[in-house]
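Have a look at the structure below, then the notes.
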Amino acid sequence: QAKRTRRGSTLIYSDDMKGEQERRLMIGQFLKQAIKAGEFALAFQPVVAASLDSIDAHETLLRWNNRVLGPVSPDEFIPIAEETGEIVTIGAYVLDEALRQYAASGLAARAGKLAINLSLLQIVTPGLTEQVRAALARHRISAHKLVLEVTESIFDDRNSSLINTVLTGLHKDGIEIHLDDFGTGYSSLSRLHEMPITALKIDKSFVQKGDAQATAIIEGSVLIARQFGIRVIAEGVETLEQAQSLQAIGVDALQGYLFSRPVPGFQETVTVNPQEQLAAG
Ligand code: C2E
Ligand code: MG
Ligand code: MG
Ligand code: MG
């Protein structure tokens with residue numbers, strides 16, 4: 001119960017805080033039942049070669065429609081699942097279900113690789129490597145078809161030697177490790193060699209700003225990534241102008257609404273989406 005104070009703004013502020021905290025607690029509780037309740041669904045978004053002639057991969061993006069709250073964005077519920085630890089169970093579900101759908105689609109060859117986002121807690125929780133190997137074997141998918149996306153938080157963690165061991169083991173199996181949201185976190189280009197990273201995904205904020213500074217950051221990342229033998233992917237590509245600029249810079253692959261929103265199922269071909277082009281630009 002918010003206490004009445006002489007300053008009205010304090011009252012409103014504490015009410016907001018309470019509402020926000022209550023929603024977080026509710027989300028945390030509902031997440032525990034979400035798998036059993038069948039409230040999760042997977043969406044997939046293609047990653048297109050910069051030449052635009054093939055699909056490099058499909059990224060798995062989790063969707064949640066709760067019976068009380070309705071659709072909740074992963075930007076809201078993933079951090080809560082990480083806090084409560086539920087992400088370990090949810091992550092195992094996503095891994096198995098994404099591989100199941102990928103295998104069942106019969107499109108594995110033409111749909112490129114399958115990318116899955118991993119949270120830091122999944123990496124530092126014992127058993128990830130065995131879990132990944134078992135899921136690949138269960139669905140008869142080669143390790144070379146799998147991409148695991150990690151964030152720059154892997155560099156900031158006091159468990160970085162454990163993280164390195166886990167990622168190196170997965171990479172030796174043939175799995176690609178991509179560094180997601182590159183440029184927003186703590187890592188610097190000079191630390192890339194510390195982890196077995198096979199590609200950088202430039203964060204969409206740099207792609208969408210489009211000013212001289214953002215462009216310089218993308219250009220610099222491409223030059224240095226090349227020295228390390230690392231590929232570069234740009235996310236959040238919404239307009240033809242953005243795509244053309246990224247192609248000119250030498251980015252290897254593009255992902256964004258220009259080609260497709262995240263949707264159920266896998267695509268065999270992608271075409272530039274004229275509606276997005278109009279809407280965005
Ligand atoms: P992310 O991995 O960086 O995924 C990219 C996000 O950008 C997705 O948001 C995607 O829908 C959105 N996006 C793609 N193209 C465009 C574009 O052209 N314009 C704009 N404005 N946005 C675009 P989404 O699906 O809401 O997911 C948000 C974040 O939640 C993901 O960011 C990822 O960090 C996390 N996430 C989603 N699914 C999972 C999962 O299964 N496990 C874990 N650990 N995290 C997940
Ligand atoms: Mg991602
Ligand atoms: Mg990303
Ligand atoms: Mg992101």
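Identifiers for the structure tokens are assigned positionally: chains receive A, B, ... in sequence, residues are indexed from 1 per chain, and ligands are indexed from 1 in the order shown.
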message: 10 Å from ligand 2 is the threshold here; counting only C-alpha atoms and all ligand atoms, which polymer residues fall inside it? Answer as a VMD selection string.
response: chain A and resid 45 59 to 61 115 to 118 148 to 151 178 to 181 201 203 235
query: Near A:Arg67, counting only C-alpha atoms, which residues have an atom at most 10 Å away, once you skip same-chain residues fewer than 6 positions from it, shown as number ranges by chain?
result: A: 30, 34, 37, 39
Limited to N, CA, C and O atoms, could you put the picked residues into a file as an mmCIF file, in the first residue's frame?
```
data_model
loop_
_atom_site.group_PDB
_atom_site.id
_atom_site.type_symbol
_atom_site.label_atom_id
_atom_site.label_comp_id
_atom_site.auth_asym_id
_atom_site.auth_seq_id
_atom_site.Cartn_x
_atom_site.Cartn_y
_atom_site.Cartn_z
ATOM 1 N N PHE A 30 3.803 -17.578 -13.467
ATOM 2 C CA PHE A 30 3.149 -18.156 -14.656
ATOM 3 C C PHE A 30 4.155 -18.914 -15.536
ATOM 4 O O PHE A 30 3.798 -19.892 -16.190
ATOM 5 N N ALA A 34 4.215 -22.635 -17.868
ATOM 6 C CA ALA A 34 3.987 -22.299 -19.284
ATOM 7 C C ALA A 34 4.222 -23.477 -20.229
ATOM 8 O O ALA A 34 3.487 -23.649 -21.208
ATOM 9 N N ALA A 37 1.347 -25.968 -19.765
ATOM 10 C CA ALA A 37 0.093 -25.367 -20.235
ATOM 11 C C ALA A 37 0.081 -25.174 -21.754
ATOM 12 O O ALA A 37 -0.919 -24.727 -22.315
ATOM 13 N N GLU A 39 1.742 -23.006 -23.502
ATOM 14 C CA GLU A 39 1.622 -21.583 -23.835
ATOM 15 C C GLU A 39 2.772 -21.055 -24.700
ATOM 16 O O GLU A 39 2.710 -19.933 -25.191
#
```
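Minimum atom-to-atom distance to ligand 3, evaluated using only C-alpha atoms and all ligand atoms, belongs to A:Lys204 out of A:Gln242, A:Glu268, A:Gly250, A:Lys204.
For the pair atom CA of A:Lys209 and atom 17 (C, counted along the ligand's line) of ligand 1, the separation is 12.5 Å.
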- line: Using only C-alpha atoms, the residue out of A:Gln208, A:Asn159, A:Thr89, A:Thr168 with shortest distance to A:Gln33 is A:Thr89
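As for atom CA of A:Thr125 and atom CA of A:Val166, they are spaced 10.0 Å apart.
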message: Taking 3 positions as the minimum chain separation for residues in the same chain, which residues sit within 12 Å of stretch 129-131 of chain A when counting only C-alpha atoms? Answer as JSON, numbers by chain.
response: {"A": [88, 89, 91, 92, 93, 94, 95, 96, 122, 123, 124, 125, 126, 134, 135, 136, 137, 138, 143, 148, 163, 165, 166, 167, 168, 169, 170, 171, 172, 173, 175]}
field: Filtered DSSP result for stretch 35-106 of chain A, state strand (DSSP E), as a ChimeraX atom specification
entry: /A:40-49,55-66,70-72
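Taking only C-alpha atoms and all ligand atoms into account, ligand 1 lies nearest to A:Leu121 out of the set A:Leu121, A:Ala108, A:Val270, A:Met195.
With only C-alpha atoms as the basis for measurement, A:Pro71 is the residue among A:Gly28, A:Gly236, A:Gly85, A:Pro71 that approaches A:Phe40 most closely.
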